[in-house]
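Text of start-v4.cif, listed as mmCIF, C-alpha atoms:
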data_model
#
loop_
_atom_site.label_atom_id
_atom_site.label_comp_id
_atom_site.auth_asym_id
_atom_site.auth_seq_id
_atom_site.Cartn_x
_atom_site.Cartn_y
_atom_site.Cartn_z
CA MET A 244 132.27 -92.19 -4.53
CA THR A 245 130.53 -91.46 -7.82
CA LEU A 246 133.41 -92.93 -9.85
CA LEU A 247 135.39 -96.09 -9.11
CA THR A 248 138.86 -96.74 -10.51
CA GLU A 249 140.57 -100.10 -10.90
CA ASN A 250 143.80 -101.07 -12.65
CA ARG A 251 144.16 -104.42 -14.38
CA GLY A 252 147.68 -104.39 -15.68
CA ALA A 253 147.90 -101.60 -18.26
CA VAL A 254 144.09 -101.24 -18.41
CA ARG A 255 142.32 -98.73 -16.18
CA ILE A 256 138.64 -99.46 -15.54
CA LEU A 257 136.43 -96.47 -14.77
CA THR A 258 133.05 -97.41 -13.30
CA MET A 259 130.32 -94.80 -12.99
CA ASN A 260 128.98 -95.44 -9.50
CA ARG A 261 125.49 -94.02 -9.02
CA PRO A 262 123.52 -97.26 -9.44
CA GLU A 263 120.51 -95.88 -7.59
CA LYS A 264 120.28 -93.21 -10.31
CA ARG A 265 121.22 -95.54 -13.18
CA ASN A 266 124.54 -93.67 -13.16
CA ALA A 267 122.93 -90.43 -14.27
CA LEU A 268 125.45 -87.68 -14.87
CA ASN A 269 125.43 -84.98 -12.22
CA SER A 270 128.16 -82.34 -12.06
CA GLU A 271 130.28 -84.39 -9.66
CA LEU A 272 130.33 -87.48 -11.85
CA THR A 273 130.82 -85.48 -15.04
CA GLN A 274 133.82 -83.65 -13.58
CA GLY A 275 135.13 -86.89 -12.11
CA LEU A 276 135.03 -88.62 -15.50
CA LEU A 277 136.79 -85.74 -17.20
CA ASP A 278 139.52 -85.66 -14.55
CA ALA A 279 139.90 -89.46 -14.64
CA LEU A 280 140.29 -89.58 -18.43
CA ARG A 281 142.98 -86.92 -18.32
CA ALA A 282 144.73 -88.55 -15.36
CA ALA A 283 144.84 -91.94 -17.11
CA ASP A 284 146.19 -90.30 -20.25
CA ALA A 285 148.99 -88.67 -18.24
CA ASP A 286 149.92 -91.96 -16.54
CA GLU A 287 152.55 -93.77 -18.61
CA SER A 288 151.62 -97.09 -16.98
CA VAL A 289 148.10 -96.94 -18.47
CA GLY A 290 147.68 -98.10 -22.06
CA ALA A 291 143.90 -98.15 -22.40
CA ILE A 292 140.70 -97.35 -20.52
CA VAL A 293 137.46 -99.30 -20.04
CA LEU A 294 134.36 -97.28 -19.15
CA THR A 295 131.33 -98.99 -17.63
CA GLY A 296 128.52 -98.47 -15.14
CA ALA A 297 127.70 -99.96 -11.74
CA GLY A 298 124.47 -101.85 -11.23
CA GLN A 299 121.97 -102.56 -13.99
CA GLY A 300 122.56 -99.53 -16.20
CA PHE A 301 125.43 -98.02 -18.12
CA CYS A 302 124.32 -94.40 -17.86
CA ALA A 303 120.87 -92.81 -17.92
CA GLY A 304 122.22 -89.52 -19.24
CA ALA A 305 121.98 -86.18 -17.49
CA ASP A 306 120.62 -86.10 -13.95
CA LEU A 307 117.40 -84.21 -14.62
CA THR A 308 116.80 -83.57 -10.92
CA GLU A 309 120.02 -81.56 -10.82
CA PHE A 310 119.17 -79.76 -14.04
CA LYS A 311 115.91 -78.52 -12.53
CA ASP A 312 117.99 -76.66 -9.95
CA LEU A 313 120.21 -75.02 -12.56
CA GLN A 314 118.71 -71.67 -13.44
CA ALA A 315 119.55 -69.96 -16.71
CA GLY A 316 122.81 -68.12 -16.25
CA VAL A 317 126.35 -68.92 -15.15
CA ALA A 318 125.58 -72.27 -13.49
CA ALA A 319 123.80 -73.63 -16.55
CA GLU A 320 126.51 -72.31 -18.87
CA ASN A 321 129.25 -73.88 -16.76
CA ARG A 322 127.48 -77.23 -16.79
CA ALA A 323 127.08 -77.13 -20.58
CA GLU A 324 130.77 -76.32 -20.95
CA LEU A 325 131.74 -79.18 -18.61
CA THR A 326 129.59 -81.64 -20.57
CA MET A 327 131.09 -80.51 -23.86
CA GLN A 328 134.64 -80.86 -22.52
CA LEU A 329 133.92 -84.40 -21.32
CA HIS A 330 132.64 -85.56 -24.70
CA LEU A 331 135.54 -83.86 -26.45
CA ALA A 332 138.11 -85.49 -24.18
CA PHE A 333 137.55 -88.95 -25.65
CA SER A 334 139.04 -87.85 -28.97
CA GLN A 335 141.71 -85.64 -27.42
CA ILE A 336 143.43 -88.10 -25.09
CA LYS A 337 146.19 -90.25 -26.54
CA ILE A 338 145.12 -93.63 -25.18
CA PRO A 339 142.05 -95.53 -26.44
CA VAL A 340 138.81 -95.96 -24.51
CA VAL A 341 136.55 -99.02 -24.72
CA SER A 342 133.02 -98.70 -23.39
CA ALA A 343 131.42 -101.75 -21.74
CA ILE A 344 127.71 -101.00 -22.16
CA ASN A 345 126.33 -103.22 -19.42
CA GLY A 346 122.83 -101.75 -19.46
CA HIS A 347 120.71 -98.99 -20.93
CA ALA A 348 122.64 -95.98 -22.24
CA MET A 349 120.40 -92.98 -22.81
CA GLY A 350 120.96 -89.39 -23.86
CA GLY A 351 124.32 -88.25 -22.55
CA GLY A 352 124.99 -91.86 -21.56
CA ALA A 353 124.55 -92.97 -25.16
CA GLY A 354 126.86 -90.13 -26.12
CA LEU A 355 129.57 -91.41 -23.76
CA ALA A 356 129.11 -94.98 -25.01
CA ILE A 357 129.80 -94.10 -28.63
CA ALA A 358 132.37 -91.41 -27.86
CA SER A 359 134.66 -94.27 -26.85
CA ASP A 360 137.00 -95.61 -29.51
CA LEU A 361 135.48 -99.09 -29.28
CA ALA A 362 132.25 -100.29 -27.71
CA VAL A 363 131.04 -103.64 -26.38
CA MET A 364 127.31 -103.87 -25.68
CA ALA A 365 125.32 -106.36 -23.63
CA GLU A 366 122.63 -108.25 -25.54
CA GLY A 367 119.76 -106.90 -23.44
CA ALA A 368 120.94 -103.30 -23.31
CA LYS A 369 119.36 -100.43 -25.20
CA LEU A 370 120.75 -97.18 -26.50
CA GLY A 371 118.83 -94.02 -27.30
CA TYR A 372 118.46 -90.25 -27.30
CA PRO A 373 115.10 -89.51 -25.62
CA GLU A 374 115.72 -85.79 -25.05
CA VAL A 375 113.10 -84.68 -27.57
CA ARG A 376 110.44 -86.52 -25.58
CA HIS A 377 111.26 -84.27 -22.63
CA GLY A 378 110.96 -81.15 -24.75
CA ILE A 379 114.71 -80.63 -25.02
CA VAL A 380 117.40 -81.40 -27.62
CA ALA A 381 120.13 -84.04 -27.81
CA ALA A 382 122.45 -81.12 -28.39
CA ILE A 383 126.04 -81.88 -27.37
CA VAL A 384 125.83 -85.61 -28.11
CA MET A 385 124.48 -84.96 -31.62
CA ALA A 386 127.84 -83.86 -32.99
CA ASN A 387 129.45 -87.25 -32.39
CA LEU A 388 126.37 -89.22 -33.44
CA VAL A 389 126.14 -87.67 -36.91
CA ARG A 390 129.82 -88.50 -37.46
CA GLN A 391 129.30 -92.17 -36.69
CA VAL A 392 126.07 -93.16 -38.42
CA GLY A 393 124.27 -92.12 -41.60
CA ARG A 394 122.28 -88.89 -41.62
CA LYS A 395 118.90 -90.58 -41.87
CA ALA A 396 119.61 -92.98 -38.99
CA ALA A 397 121.04 -90.21 -36.83
CA PHE A 398 118.03 -87.96 -37.41
CA GLU A 399 115.64 -90.78 -36.59
CA LEU A 400 117.42 -91.40 -33.29
CA VAL A 401 117.36 -87.77 -32.14
CA ALA A 402 113.99 -86.76 -33.67
CA LEU A 403 111.88 -89.72 -32.54
CA GLY A 404 113.73 -90.38 -29.31
CA GLU A 405 113.05 -94.12 -29.55
CA PRO A 406 115.71 -96.46 -28.12
CA ILE A 407 117.31 -99.19 -30.20
CA ASP A 408 118.50 -102.62 -29.12
CA ALA A 409 122.05 -103.93 -29.25
CA GLN A 410 121.72 -105.65 -32.62
CA ARG A 411 120.43 -102.46 -34.26
CA ALA A 412 123.27 -100.48 -32.67
CA PHE A 413 125.70 -103.05 -34.09
CA GLN A 414 124.12 -102.80 -37.55
CA LEU A 415 124.50 -99.02 -37.48
CA GLY A 416 128.17 -99.32 -36.53
CA MET A 417 127.67 -97.71 -33.13
CA VAL A 418 129.18 -100.69 -31.27
CA ASN A 419 131.83 -103.27 -32.16
CA ARG A 420 130.63 -106.32 -30.25
CA VAL A 421 127.36 -107.62 -28.82
CA VAL A 422 127.87 -110.19 -26.06
CA PRO A 423 125.96 -111.68 -23.12
CA LEU A 424 125.73 -109.36 -20.13
CA ALA A 425 127.98 -111.59 -18.03
CA SER A 426 130.77 -111.19 -20.61
CA VAL A 427 130.54 -107.49 -21.45
CA VAL A 428 133.22 -106.17 -19.09
CA ALA A 429 135.56 -109.10 -19.72
CA GLU A 430 135.25 -108.62 -23.50
CA ALA A 431 135.90 -104.90 -23.15
CA VAL A 432 138.95 -105.52 -20.98
CA ALA A 433 140.26 -108.08 -23.48
CA LEU A 434 139.99 -105.51 -26.28
CA ALA A 435 141.60 -102.87 -24.09
CA GLU A 436 144.50 -105.20 -23.28
CA LYS A 437 145.17 -105.66 -26.99
CA LEU A 438 145.11 -101.89 -27.51
CA ALA A 439 147.38 -101.36 -24.51
CA GLY A 440 149.86 -103.79 -26.07
CA VAL A 441 150.49 -101.35 -28.93
CA LYS A 442 153.41 -98.98 -28.49
CA ARG A 443 152.06 -95.86 -26.83
CA VAL A 444 153.45 -93.45 -29.42
CA ALA A 445 151.97 -95.49 -32.28
CA MET A 446 148.56 -95.55 -30.61
CA ALA A 447 148.71 -91.83 -29.88
CA GLU A 448 149.52 -91.03 -33.51
CA THR A 449 146.82 -93.43 -34.73
CA LYS A 450 144.16 -91.71 -32.60
CA ARG A 451 145.30 -88.24 -33.53
CA LEU A 452 145.34 -88.96 -37.26
CA PHE A 453 142.07 -90.91 -37.15
CA HIS A 454 140.15 -88.01 -35.68
CA GLU A 455 141.85 -85.46 -37.94
CA VAL A 456 141.11 -87.21 -41.23
CA ALA A 457 137.56 -88.23 -40.32
CA ASP A 458 136.19 -84.81 -41.22
CA LEU A 459 138.63 -83.74 -43.94
CA ALA A 460 138.31 -83.89 -47.70
CA LEU A 461 140.41 -86.55 -49.41
CA ALA A 462 143.37 -84.37 -50.45
CA PRO A 463 144.07 -82.75 -47.07
CA ALA A 464 143.40 -86.08 -45.34
CA LEU A 465 146.04 -87.75 -47.49
CA GLU A 466 148.43 -84.89 -46.76
CA ARG A 467 147.97 -85.42 -43.01
CA GLY A 468 148.60 -89.12 -43.54
CA ARG A 469 151.77 -88.34 -45.50
CA ASP A 470 153.04 -86.07 -42.73
CA THR A 471 152.37 -88.68 -40.07
CA ASN A 472 154.06 -91.32 -42.20
CA LYS A 473 157.20 -89.20 -42.39
CA ARG A 474 157.14 -88.41 -38.69
CA MET A 475 156.73 -92.05 -37.65
CA ARG A 476 159.44 -93.24 -40.05
CA ASN A 477 161.83 -90.72 -38.55
CA PHE A 478 160.83 -91.86 -35.06
CA ALA A 479 161.43 -95.51 -35.97
CA GLN A 480 164.83 -94.70 -37.45
CA LEU A 481 165.79 -92.75 -34.34
CA GLY A 482 164.75 -95.66 -32.14
CA ALA A 483 166.81 -98.07 -34.26
CA LYS A 484 169.90 -95.88 -33.85
CA LYS A 485 169.46 -95.79 -30.08
CA ASP A 486 169.17 -99.58 -29.97
CA ALA A 487 172.25 -100.10 -32.14
CA PRO A 488 175.40 -101.31 -30.31
#
Structure translated into structure tokens:
Amino acid sequence: MTLLTENRGAVRILTMNRPEKRNALNSELTQGLLDALRAADADESVGAIVLTGAGQGFCAGADLTEFKDLQAGVAAENRAELTMQLHLAFSQIKIPVVSAINGHAMGGGAGLAIASDLAVMAEGAKLGYPEVRHGIVAAIVMANLVRQVGRKAAFELVALGEPIDAQRAFQLGMVNRVVPLASVVAEAVALAEKLAGVKRVAMAETKRLFHEVADLALAPALERGRDTNKRMRNFAQLGAKKDAP
């Protein structure tokens, strides 16, 4: 199986399971991740997700051996669409995702790591976008990167293709915690448990509003906040009435 699933209470752990390939993303694993994110989101018993990799790496990015077999045309277009849908899913699902970066995260793997709502990174891990060194472009993952770090830092990462260590990733705001390798999954699960303890509707509204206002000007962002405030107040009042004797 290219993807392993484990439940720890209200936390669902998704483990990319191609250790011999450093968990490189082929079509099977990419589709499996997309399906698993959506399935967890639809499961009311799941409050948060942890994403990690088997073996010594988090994710090496796209499986280049598979890409060599994809000729220009429908197959290549379908794969690009699938990749885009996977990266988009992190912001679309209602429950939060915490990445446990247990090893190197490169290219599309780096994109998955920072697409998560929170990220815990092992001290010895590295993160980077080496696509340009292979004569290609960090295309789909670039959209999320430029929204999370400053323009100069983002351009340096995609234009030079040089990996950065965990402390630099932390300084740039790409990850939330840097911990010893032995603690990375446990720390990610601990964060996920806290997130799962929040009422599901409150978390869903928080994620939705967060991603909406991130790219809006101040006035429309405040308007969205106002609308959510009204909606949640009405929800709370309705809940209070139902609980009343």
Identify all residues satisfying the PyMOL selection byres ((chain A and resi 277) around 10) in the given file; provide them as an NGL selection string.
:A and (272-276 or 278-282 or 325-326 or 328-333)
Got a sec to resolve the PyMOL selection byres ((chain A and resi 289-298) around 7) on this structure and send the residues as a PyMOL selection string?
chain A and resi 253-262+266+283+286-288+299-302+338-345+431-432+435+438-439+443
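Atom to atom, atom CA of A:Arg476 and atom CA of A:Ala445 stand 11.0 Å apart.
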Which residues, named as in the file, does the PyMOL selection byres ((chain A and resi 420) around 12) pick out? Answer as a PyMOL selection string.
chain A and resi 341-344+361-366+409-419+421-424+426-431+433-434
Give as a ChimeraX atom specification every residue, naming chains and numbers as the document does, that has an atom within 8 Å of (137.1, -94.3, -32.7), counting all atoms listed in the file.
/A:334,358-361,450,453-454
First collect every listed atom of stretch 261-279 of chain A; then fit an axis-aligned box around them, widen it by 5 Å on each side, and give centre and edge lengths in Å to one decimal, as AutoDock Vina command-line options.
--center_x 130.1 --center_y -89.8 --center_z -12.4 --size_x 29.6 --size_y 24.9 --size_z 19.6
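Shortest atom-to-atom contact with A:Leu452 among A:Gly440, A:Gly468, A:Pro373, A:Gly304: A:Gly468, counting all atoms listed in the file.
Of the residues under consideration (A:Leu355, A:Met349, A:Ala305, A:Ala447), A:Met349 shows the shortest atom-to-atom contact distance to A:Ala368 when counting only C-alpha atoms.
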Pairwise distance, atom CA of A:Val401 with atom CA of A:Gly354, equals 11.5 Å
Might you pull out every residue within 7 Å of A:Gly404, with all atoms listed in the file counted and same-chain residues fewer than 4 positions away left off, and present them as a count of residues only?
7
One number please: atom CA of A:Glu271 to atom CA of A:Lys369, in Å, one decimal.
24.9 Å
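With distances restricted to all atoms listed in the file, A:Leu307 is the closest residue to A:Ile379 from A:Ala397, A:Glu436, A:Leu307, A:Arg474.
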Skipping near chain neighbours, those fewer than 6 positions away, what residues fall within 10 Å of A:Phe398 using all atoms listed in the file, listed as a PyMOL selection string?
chain A and resi 385+388-389+392+404
